[in-house]
Each structure stands twice: as C-alpha cells, then as structure tokens.
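**Q** Provided herewith: protein.txt, compact mmCIF, C-alpha atoms.
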# COMPACT_ATOMS: atom_id res chain seq x y z
CA MET A 1 -241.16 -73.44 -84.62
CA THR A 2 -244.54 -71.78 -84.20
CA THR A 3 -247.46 -74.13 -84.75
CA ALA A 4 -251.01 -72.93 -85.34
CA ALA A 5 -254.30 -74.76 -85.70
CA LEU A 6 -257.01 -73.65 -88.12
CA ILE A 7 -260.52 -74.91 -87.40
CA VAL A 8 -263.29 -74.06 -89.87
CA ALA A 9 -266.74 -73.85 -88.30
CA ALA A 10 -268.69 -71.55 -90.61
CA GLY A 11 -271.10 -74.07 -92.12
CA MET A 12 -274.83 -74.24 -91.58
CA SER A 13 -274.95 -77.87 -90.35
CA SER A 14 -277.84 -78.35 -92.79
CA ARG A 15 -277.56 -82.15 -93.02
CA MET A 16 -277.35 -82.49 -89.25
CA GLY A 17 -280.48 -80.46 -88.54
CA ASP A 18 -278.80 -79.17 -85.39
CA PHE A 19 -275.81 -76.84 -84.79
CA LYS A 20 -272.88 -79.29 -84.95
CA PRO A 21 -270.10 -77.42 -83.12
CA MET A 22 -272.20 -77.15 -79.96
CA LEU A 23 -273.50 -80.73 -79.84
CA ASN A 24 -272.01 -82.57 -76.89
CA ILE A 25 -269.65 -85.52 -76.95
CA GLY A 26 -269.21 -86.65 -73.39
CA SER A 27 -269.16 -83.68 -71.04
CA ILE A 28 -268.03 -81.04 -73.58
CA SER A 29 -269.09 -79.86 -77.03
CA ILE A 30 -267.62 -80.93 -80.36
CA ALA A 31 -265.96 -77.50 -80.75
CA GLN A 32 -264.54 -77.51 -77.21
CA ARG A 33 -263.11 -80.98 -77.78
CA VAL A 34 -261.24 -80.01 -80.96
CA VAL A 35 -259.78 -76.95 -79.23
CA ALA A 36 -258.82 -78.97 -76.13
CA THR A 37 -257.01 -81.60 -78.23
CA PHE A 38 -254.91 -78.96 -80.02
CA GLN A 39 -254.12 -77.28 -76.69
CA GLN A 40 -253.14 -80.63 -75.19
CA ALA A 41 -250.79 -81.22 -78.14
CA GLY A 42 -249.03 -77.91 -77.42
CA VAL A 43 -250.26 -75.88 -80.41
CA ASP A 44 -249.24 -72.21 -79.98
CA LYS A 45 -252.12 -70.41 -81.67
CA ILE A 46 -255.67 -71.56 -82.45
CA VAL A 47 -257.78 -69.80 -85.06
CA MET A 48 -261.42 -70.61 -85.77
CA VAL A 49 -263.37 -69.34 -88.76
CA THR A 50 -267.02 -68.90 -87.82
CA GLY A 51 -270.05 -67.95 -89.91
CA TYR A 52 -273.44 -69.45 -89.23
CA ASN A 53 -274.42 -68.86 -85.56
CA ALA A 54 -271.08 -67.04 -85.12
CA VAL A 55 -272.07 -65.00 -82.06
CA GLN A 56 -273.43 -68.05 -80.24
CA LEU A 57 -270.34 -70.17 -81.03
CA GLU A 58 -267.84 -67.42 -80.17
CA ARG A 59 -269.58 -66.84 -76.85
CA HIS A 60 -269.59 -70.60 -76.16
CA LEU A 61 -265.80 -70.73 -76.67
CA SER A 62 -264.88 -67.38 -75.13
CA GLY A 63 -262.11 -67.56 -72.57
CA LEU A 64 -260.25 -70.36 -74.39
CA GLY A 65 -257.74 -67.98 -75.98
CA ILE A 66 -258.88 -68.59 -79.56
CA VAL A 67 -258.70 -66.03 -82.38
CA PHE A 68 -262.06 -65.84 -84.19
CA LEU A 69 -262.36 -64.80 -87.82
CA ARG A 70 -265.66 -64.63 -89.68
CA ASN A 71 -266.78 -65.79 -93.08
CA GLU A 72 -269.67 -63.35 -93.55
CA GLN A 73 -270.53 -65.09 -96.86
CA TYR A 74 -270.94 -68.50 -95.19
CA ALA A 75 -274.37 -69.10 -96.75
CA SER A 76 -273.09 -68.79 -100.33
CA THR A 77 -269.49 -70.09 -100.09
CA GLN A 78 -267.78 -73.44 -99.61
CA MET A 79 -265.27 -74.53 -96.97
CA PHE A 80 -262.39 -73.41 -99.24
CA THR A 81 -263.41 -69.76 -98.67
CA SER A 82 -263.37 -70.22 -94.88
CA ALA A 83 -260.00 -71.99 -95.10
CA GLY A 84 -258.67 -69.07 -97.18
CA ILE A 85 -259.74 -66.54 -94.54
CA GLY A 86 -257.82 -68.48 -91.89
CA LEU A 87 -254.78 -69.13 -94.09
CA SER A 88 -254.50 -65.45 -95.07
CA TYR A 89 -254.51 -64.47 -91.40
CA LEU A 90 -251.98 -67.12 -90.37
CA LYS A 91 -249.48 -67.05 -93.23
CA ASP A 92 -246.97 -64.77 -91.51
CA LYS A 93 -247.85 -65.81 -87.94
CA CYS A 94 -246.70 -69.44 -87.88
CA ASP A 95 -244.23 -71.89 -89.43
CA ARG A 96 -246.81 -74.62 -89.89
CA LEU A 97 -250.44 -75.24 -89.16
CA LEU A 98 -252.91 -78.04 -88.61
CA PHE A 99 -256.17 -77.76 -90.52
CA THR A 100 -259.46 -79.45 -89.64
CA PRO A 101 -263.17 -78.87 -90.04
CA VAL A 102 -264.83 -78.55 -86.62
CA ASP A 103 -266.92 -81.69 -87.12
CA ILE A 104 -264.00 -84.16 -86.80
CA PRO A 105 -263.61 -83.97 -83.02
CA LEU A 106 -262.11 -87.26 -81.88
CA PHE A 107 -258.54 -87.34 -83.24
CA THR A 108 -256.03 -87.52 -80.40
CA ALA A 109 -253.25 -85.19 -79.22
CA ALA A 110 -250.85 -88.10 -79.88
CA THR A 111 -251.87 -88.04 -83.56
CA VAL A 112 -251.25 -84.29 -83.71
CA GLN A 113 -247.78 -84.80 -82.20
CA THR A 114 -247.00 -87.62 -84.64
CA LEU A 115 -247.87 -85.32 -87.56
CA LEU A 116 -245.71 -82.51 -86.16
CA GLU A 117 -242.78 -84.86 -85.56
CA SER A 118 -242.91 -86.00 -89.20
CA GLY A 119 -241.34 -82.71 -90.27
CA ALA A 120 -243.20 -83.03 -93.59
CA PRO A 121 -244.32 -79.83 -95.37
CA LEU A 122 -247.68 -81.46 -96.11
CA ALA A 123 -249.01 -84.48 -94.24
CA CYS A 124 -252.19 -86.20 -93.17
CA PRO A 125 -252.97 -89.11 -90.85
CA VAL A 126 -253.96 -92.41 -92.44
CA CYS A 127 -255.95 -95.01 -90.54
CA ASP A 128 -257.26 -98.27 -92.02
CA GLY A 129 -256.07 -97.09 -95.44
CA GLN A 130 -258.13 -93.88 -95.28
CA ARG A 131 -256.85 -90.32 -95.12
CA GLY A 132 -258.18 -88.24 -92.24
CA HIS A 133 -257.72 -84.97 -90.34
CA PRO A 134 -256.05 -82.84 -89.16
CA ILE A 135 -253.83 -81.96 -92.15
CA LEU A 136 -250.36 -80.54 -91.49
CA ILE A 137 -249.49 -77.65 -93.84
CA SER A 138 -246.21 -75.72 -93.94
CA SER A 139 -246.72 -71.95 -94.04
CA SER A 140 -244.44 -71.91 -97.12
CA LEU A 141 -247.35 -73.47 -99.07
CA ILE A 142 -250.01 -70.96 -98.02
CA ASP A 143 -249.53 -68.44 -100.86
CA THR A 144 -249.78 -71.23 -103.45
CA ILE A 145 -252.96 -72.55 -101.82
CA LEU A 146 -254.49 -69.05 -101.64
CA SER A 147 -253.81 -68.42 -105.34
CA ASP A 148 -255.49 -71.70 -106.34
CA SER A 149 -258.76 -71.75 -108.29
CA GLY A 150 -260.46 -73.60 -105.45
CA GLU A 151 -261.79 -76.24 -107.82
CA SER A 152 -262.52 -79.39 -105.75
CA GLY A 153 -262.02 -77.27 -102.63
CA LEU A 154 -259.03 -77.44 -100.32
CA ARG A 155 -258.34 -81.03 -101.34
CA GLY A 156 -257.91 -79.91 -104.95
CA ALA A 157 -255.71 -76.97 -103.93
CA LEU A 158 -253.46 -79.27 -101.88
CA GLU A 159 -253.17 -81.72 -104.78
CA ARG A 160 -252.03 -78.85 -107.01
CA CYS A 161 -249.67 -77.13 -104.55
CA GLY A 162 -246.56 -78.86 -105.92
CA VAL A 163 -245.71 -80.84 -102.78
CA PRO A 164 -246.81 -84.46 -102.38
CA MET A 165 -248.99 -85.37 -99.40
CA THR A 166 -247.04 -87.44 -96.86
CA GLU A 167 -249.27 -90.11 -95.39
CA ILE A 168 -248.60 -90.73 -91.69
CA PRO A 169 -249.95 -94.09 -90.47
CA VAL A 170 -251.81 -93.83 -87.16
CA GLU A 171 -254.01 -96.11 -85.08
CA ASP A 172 -256.59 -93.41 -84.51
CA ARG A 173 -260.03 -93.89 -86.00
CA GLY A 174 -260.97 -90.49 -84.57
CA THR A 175 -259.15 -88.98 -87.57
CA LEU A 176 -261.91 -90.36 -89.83
CA HIS A 177 -265.14 -89.84 -87.87
CA ASP A 178 -267.03 -86.72 -88.87
CA ALA A 179 -270.47 -85.49 -87.84
CA ASP A 180 -272.34 -84.56 -91.01
CA THR A 181 -275.61 -86.30 -90.30
CA PRO A 182 -277.53 -87.55 -87.23
CA GLU A 183 -276.29 -91.08 -88.08
CA ASP A 184 -272.67 -89.83 -88.09
CA TYR A 185 -273.23 -88.15 -84.74
CA ARG A 186 -274.60 -91.35 -83.23
CA ALA A 187 -271.57 -93.25 -84.58
CA LEU A 188 -269.27 -90.59 -83.08
CA LEU A 189 -270.91 -90.95 -79.68
CA LYS A 190 -270.64 -94.73 -79.87
CA TYR A 191 -266.94 -94.52 -80.83
CA HIS A 192 -266.29 -92.00 -78.03
CA ASN A 193 -268.06 -94.14 -75.43
CA GLU A 194 -266.06 -97.21 -76.44
CA GLN A 195 -262.70 -95.44 -76.04
Give the structure from the file, written as structure tokens.

**A**
Amino acid sequence: MTTAALIVAAGMSSRMGDFKPMLNIGSISIAQRVVATFQQAGVDKIVMVTGYNAVQLERHLSGLGIVFLRNEQYASTQMFTSAGIGLSYLKDKCDRLLFTPVDIPLFTAATVQTLLESGAPLACPVCDGQRGHPILISSSLIDTILSDSGESGLRGALERCGVPMTEIPVEDRGTLHDADTPEDYRALLKYHNEQ
C-alpha cells in the first residue's frame, strides 16, 4: 500500500505575525518537524502545498525529497483550495494519505502508525476527547471530496463524503496543539520542552 502525506502550508500566518512554518521548535523548524515525523513513520511520498513565502519555504526544505505544489491564489482562498490542489495531484499516486496543516507539528510517528494500522478509510486521532491531526483519508474518497462545495472547508467535505470518521484514541496531545497565534506558539514550545 502506498501512503502519502499532504501538508498544507500556503497561509499567510496573519494571526501569528511571523512566518509559522519556519519558526523553530527545538533545533528544527515547524515545517521540518512535520516532514521528519512522516518520514520516521515510513510514509512513501510527502507533498506540501505552499503559497505565501513559497520560494523561501521551498528553499528551506529543499533536499528533503518533498514534492512542492503551489496555491498561487493563497491570499484569496481558504485551506480547502490548498487541500484540493494536493488531493488532485495525489489521487492516482497513493492508496491512502495523511492530511495535516503545517502548524500542527508535534504529533508523533507512533500516532501516524496507529492511524495507518487502523485500516479505516477515514480516521483521525482523538486525545482527551478532542479530534486532532493528521487525518487518514483513503484515496477512494478523493474524487468525492474534490467535487464537494467546500462549505465549512475540508471538515465539511469529510462530513459529507459518505464515510463515517473513525476516531482512533491516542495518548498524544501533539495531535491537538496548533500554532495560530503567539500564545499558541509559546504553548507548543512549552509542551515540546516538557516531552
């Protein structure tokens, strides 16, 4: 089974006030950490959709064997558009994929493996009663997702895709921590330093 990872990193980081993917957590950047975790979990192909600061980010991650796609309309579109660009590219190149925004960098390779072992066509990790990332999506669902209206974003499209979301319990708070604001980033650093 071919497994891909789709990381969306096209946003403008407007609430952060700094370019999120290249902020450091420990010795490496947020973007490098997400890529490294997928590689550690044995994912075959990693695709990242860039937009804002694309050249800078692609250069930062060059040499890691990632496929870069661009959302040229990043300033006027939502994450669903970036997800669609990645899904269109991957639909005939993998059997299943793991989807995450770039700003959720602390989920573990063990969580990725637990999701993959579930065999579910659609699954997400659940920690402390909350759904997190990455989301496991079977490639058989991609056409349905791509033909969706996009109302309520990818979450809405997944709710309407005809397959129930399988919730996979994990003890991994990294699945929940995102970096939208400076406060979130400080919380991420604190969580990382405690691990």

**Q** Using only C-alpha atoms - which residues lie no farther than 10 Å from the point (-252.3, -70.6, -93.7) in the file's frame? Write them as a list in words.

**A**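 I get Ala4, Ala5, Leu6, Ala83, Gly84, Ile85, Gly86, Leu87, Ser88, Tyr89, Leu90, Lys91, Asp92, Lys93, Cys94, Asp95, Arg96, Leu97, Leu98, Phe99, Ile137, Ser138, Ser139, Ser140, Leu141, Ile142, Asp143, Ile145 and Leu146 of chain A for the residues within 10 Å of that point.
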
**Q** Determine the nearest neighbour of Tyr52 in chain A from the options A:Leu69, A:Ile25, A:Ala9, A:Ala157, counting all atoms listed in the file.

**A**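 Smallest separation from Tyr52 in chain A among the options: A:Ala9.
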
**Q** Return the padded bounding box of range 31-47 of chain A as JSON: axis-aligned, built from all atoms listed in the file, 8 Å added on each side, with centre and edge lengths in Å to one decimal.

**A**
{"center_x": -257.5, "center_y": -75.7, "center_z": -80.1, "size_x": 32.9, "size_y": 27.8, "size_z": 25.9}

**Q** Record the distance separating CA of Ala31 in chain A and CA of Val102 in chain A, expressed in Å with one decimal.

**A**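 Between CA of Ala31 in chain A and CA of Val102 in chain A the gap is 6.1 Å.
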
**Q** Smallest atom-to-atom distance to Arg186 in chain A: which of A:Asn53, A:Pro164, A:Asn24, A:Gln40, using all atoms listed in the file?

**A**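 Closest candidate: A:Asn24.
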
**Q** Enter the distance from CA of Met79 in chain A to CA of Val43 in chain A, in Å, rounded to one decimal.

**A**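 CA of Val43 in chain A lies at a distance of 22.4 Å from CA of Met79 in chain A.
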
**Q** Here is a test: counting all atoms listed in the file, which residue of A:Arg70, A:Arg59, A:Lys190, A:Lys45 is nearest to Val8 in chain A?

**A**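 Closest to Val8 in chain A, using all atoms listed in the file: A:Arg70.
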
**Q** What does the distance between CA of Phe107 in chain A and CA of Asp148 in chain A come to in Å, to one decimal place?

**A**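 We find that CA of Phe107 in chain A and CA of Asp148 in chain A lie 28.1 Å from each other.
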
**Q** I need every residue sitting at most 10 Å from the point (-245.9, -83.6, -94.0) (coordinates as in the file, only C-alpha atoms considered), written as an mmCIF file with C-alpha atoms, in the coordinates of the input.

**A**
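After the write, part-v1.cif holds the following:
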data_model
loop_
_atom_site.group_PDB
_atom_site.id
_atom_site.type_symbol
_atom_site.label_atom_id
_atom_site.label_comp_id
_atom_site.auth_asym_id
_atom_site.auth_seq_id
_atom_site.Cartn_x
_atom_site.Cartn_y
_atom_site.Cartn_z
ATOM 1 C CA ARG A 96 -246.810 -74.620 -89.890
ATOM 2 C CA LEU A 115 -247.870 -85.320 -87.560
ATOM 3 C CA LEU A 116 -245.710 -82.510 -86.160
ATOM 4 C CA GLU A 117 -242.780 -84.860 -85.560
ATOM 5 C CA SER A 118 -242.910 -86.000 -89.200
ATOM 6 C CA GLY A 119 -241.340 -82.710 -90.270
ATOM 7 C CA ALA A 120 -243.200 -83.030 -93.590
ATOM 8 C CA PRO A 121 -244.320 -79.830 -95.370
ATOM 9 C CA LEU A 122 -247.680 -81.460 -96.110
ATOM 10 C CA ALA A 123 -249.010 -84.480 -94.240
ATOM 11 C CA CYS A 124 -252.190 -86.200 -93.170
ATOM 12 C CA PRO A 125 -252.970 -89.110 -90.850
ATOM 13 C CA ILE A 135 -253.830 -81.960 -92.150
ATOM 14 C CA LEU A 136 -250.360 -80.540 -91.490
ATOM 15 C CA ILE A 137 -249.490 -77.650 -93.840
ATOM 16 C CA SER A 138 -246.210 -75.720 -93.940
ATOM 17 C CA VAL A 163 -245.710 -80.840 -102.780
ATOM 18 C CA PRO A 164 -246.810 -84.460 -102.380
ATOM 19 C CA MET A 165 -248.990 -85.370 -99.400
ATOM 20 C CA THR A 166 -247.040 -87.440 -96.860
ATOM 21 C CA GLU A 167 -249.270 -90.110 -95.390
ATOM 22 C CA ILE A 168 -248.600 -90.730 -91.690
#

**Q** Please provide as a list of chain:residue names all residues within 12 Å of Phe19 in chain A, with the sequence filter that same-chain residues fewer than 6 positions apart are discarded (counting all atoms listed in the file).

**A**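 Within the cut-off, the hits are A:Ala9, A:Ala10, A:Gly11, A:Met12, A:Ser13, A:Ser29, A:Ile30, A:Ala31, A:Gly51, A:Tyr52, A:Asn53, A:Ala54, A:Gln56, A:Leu57, A:Val102, A:Asp103, A:Ala179, A:Asp180, A:Thr181, A:Pro182, A:Tyr185.
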
**Q** Could you write out that same residue set with C-alpha atoms as a PDB file, in the frame of the given file?

**A**
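Output contents, as saved in result-v1.pdb:
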ATOM      1  CA  ALA A   9    -266.740 -73.850 -88.300  1.00  0.00           C
ATOM      2  CA  ALA A  10    -268.690 -71.550 -90.610  1.00  0.00           C
ATOM      3  CA  GLY A  11    -271.100 -74.070 -92.120  1.00  0.00           C
ATOM      4  CA  MET A  12    -274.830 -74.240 -91.580  1.00  0.00           C
ATOM      5  CA  SER A  13    -274.950 -77.870 -90.350  1.00  0.00           C
ATOM      6  CA  SER A  29    -269.090 -79.860 -77.030  1.00  0.00           C
ATOM      7  CA  ILE A  30    -267.620 -80.930 -80.360  1.00  0.00           C
ATOM      8  CA  ALA A  31    -265.960 -77.500 -80.750  1.00  0.00           C
ATOM      9  CA  GLY A  51    -270.050 -67.950 -89.910  1.00  0.00           C
ATOM     10  CA  TYR A  52    -273.440 -69.450 -89.230  1.00  0.00           C
ATOM     11  CA  ASN A  53    -274.420 -68.860 -85.560  1.00  0.00           C
ATOM     12  CA  ALA A  54    -271.080 -67.040 -85.120  1.00  0.00           C
ATOM     13  CA  GLN A  56    -273.430 -68.050 -80.240  1.00  0.00           C
ATOM     14  CA  LEU A  57    -270.340 -70.170 -81.030  1.00  0.00           C
ATOM     15  CA  VAL A 102    -264.830 -78.550 -86.620  1.00  0.00           C
ATOM     16  CA  ASP A 103    -266.920 -81.690 -87.120  1.00  0.00           C
ATOM     17  CA  ALA A 179    -270.470 -85.490 -87.840  1.00  0.00           C
ATOM     18  CA  ASP A 180    -272.340 -84.560 -91.010  1.00  0.00           C
ATOM     19  CA  THR A 181    -275.610 -86.300 -90.300  1.00  0.00           C
ATOM     20  CA  PRO A 182    -277.530 -87.550 -87.230  1.00  0.00           C
ATOM     21  CA  TYR A 185    -273.230 -88.150 -84.740  1.00  0.00           C
TER      22      TYR A 185
END

**Q** Would you mind putting back N, CA and C atoms on range 147-164 of chain A, then writing it out as a PDB file, in the coordinates of the input?

**A**
ATOM      1  N   SER A 147    -253.680 -68.852-103.935  1.00  0.00           N
ATOM      2  CA  SER A 147    -253.810 -68.420-105.340  1.00  0.00           C
ATOM      3  C   SER A 147    -254.479 -69.494-106.197  1.00  0.00           C
ATOM      4  N   ASP A 148    -254.874 -70.604-105.587  1.00  0.00           N
ATOM      5  CA  ASP A 148    -255.490 -71.700-106.340  1.00  0.00           C
ATOM      6  C   ASP A 148    -256.925 -71.336-106.750  1.00  0.00           C
ATOM      7  N   SER A 149    -257.401 -71.988-107.784  1.00  0.00           N
ATOM      8  CA  SER A 149    -258.760 -71.750-108.290  1.00  0.00           C
ATOM      9  C   SER A 149    -259.838 -72.195-107.300  1.00  0.00           C
ATOM     10  N   GLY A 150    -259.472 -73.109-106.401  1.00  0.00           N
ATOM     11  CA  GLY A 150    -260.460 -73.600-105.450  1.00  0.00           C
ATOM     12  C   GLY A 150    -261.334 -74.712-106.013  1.00  0.00           C
ATOM     13  N   GLU A 151    -261.032 -75.137-107.239  1.00  0.00           N
ATOM     14  CA  GLU A 151    -261.790 -76.240-107.820  1.00  0.00           C
ATOM     15  C   GLU A 151    -261.530 -77.512-107.007  1.00  0.00           C
ATOM     16  N   SER A 152    -262.597 -78.230-106.656  1.00  0.00           N
ATOM     17  CA  SER A 152    -262.520 -79.390-105.750  1.00  0.00           C
ATOM     18  C   SER A 152    -262.048 -78.984-104.352  1.00  0.00           C
ATOM     19  N   GLY A 153    -262.256 -77.717-103.995  1.00  0.00           N
ATOM     20  CA  GLY A 153    -262.020 -77.270-102.630  1.00  0.00           C
ATOM     21  C   GLY A 153    -260.572 -77.328-102.184  1.00  0.00           C
ATOM     22  N   LEU A 154    -260.384 -77.413-100.880  1.00  0.00           N
ATOM     23  CA  LEU A 154    -259.030 -77.440-100.320  1.00  0.00           C
ATOM     24  C   LEU A 154    -258.289 -78.683-100.779  1.00  0.00           C
ATOM     25  N   ARG A 155    -259.000 -79.800-100.894  1.00  0.00           N
ATOM     26  CA  ARG A 155    -258.340 -81.030-101.340  1.00  0.00           C
ATOM     27  C   ARG A 155    -257.692 -80.817-102.712  1.00  0.00           C
ATOM     28  N   GLY A 156    -258.443 -80.190-103.613  1.00  0.00           N
ATOM     29  CA  GLY A 156    -257.910 -79.910-104.950  1.00  0.00           C
ATOM     30  C   GLY A 156    -256.712 -78.978-104.887  1.00  0.00           C
ATOM     31  N   ALA A 157    -256.816 -77.936-104.066  1.00  0.00           N
ATOM     32  CA  ALA A 157    -255.710 -76.970-103.930  1.00  0.00           C
ATOM     33  C   ALA A 157    -254.451 -77.646-103.400  1.00  0.00           C
ATOM     34  N   LEU A 158    -254.620 -78.558-102.439  1.00  0.00           N
ATOM     35  CA  LEU A 158    -253.460 -79.270-101.880  1.00  0.00           C
ATOM     36  C   LEU A 158    -252.850 -80.209-102.912  1.00  0.00           C
ATOM     37  N   GLU A 159    -253.694 -80.834-103.726  1.00  0.00           N
ATOM     38  CA  GLU A 159    -253.170 -81.720-104.780  1.00  0.00           C
ATOM     39  C   GLU A 159    -252.358 -80.950-105.810  1.00  0.00           C
ATOM     40  N   ARG A 160    -252.702 -79.664-105.988  1.00  0.00           N
ATOM     41  CA  ARG A 160    -252.030 -78.850-107.010  1.00  0.00           C
ATOM     42  C   ARG A 160    -250.914 -77.969-106.445  1.00  0.00           C
ATOM     43  N   CYS A 161    -250.602 -78.091-105.164  1.00  0.00           N
ATOM     44  CA  CYS A 161    -249.670 -77.130-104.550  1.00  0.00           C
ATOM     45  C   CYS A 161    -248.204 -77.438-104.839  1.00  0.00           C
ATOM     46  N   GLY A 162    -247.933 -78.567-105.510  1.00  0.00           N
ATOM     47  CA  GLY A 162    -246.560 -78.860-105.920  1.00  0.00           C
ATOM     48  C   GLY A 162    -245.771 -79.692-104.926  1.00  0.00           C
ATOM     49  N   VAL A 163    -246.378 -80.012-103.786  1.00  0.00           N
ATOM     50  CA  VAL A 163    -245.710 -80.840-102.780  1.00  0.00           C
ATOM     51  C   VAL A 163    -246.578 -82.069-102.536  1.00  0.00           C
ATOM     52  N   PRO A 164    -245.985 -83.267-102.594  1.00  0.00           N
ATOM     53  CA  PRO A 164    -246.810 -84.460-102.380  1.00  0.00           C
ATOM     54  C   PRO A 164    -247.273 -84.577-100.924  1.00  0.00           C
TER      55      PRO A 164
END
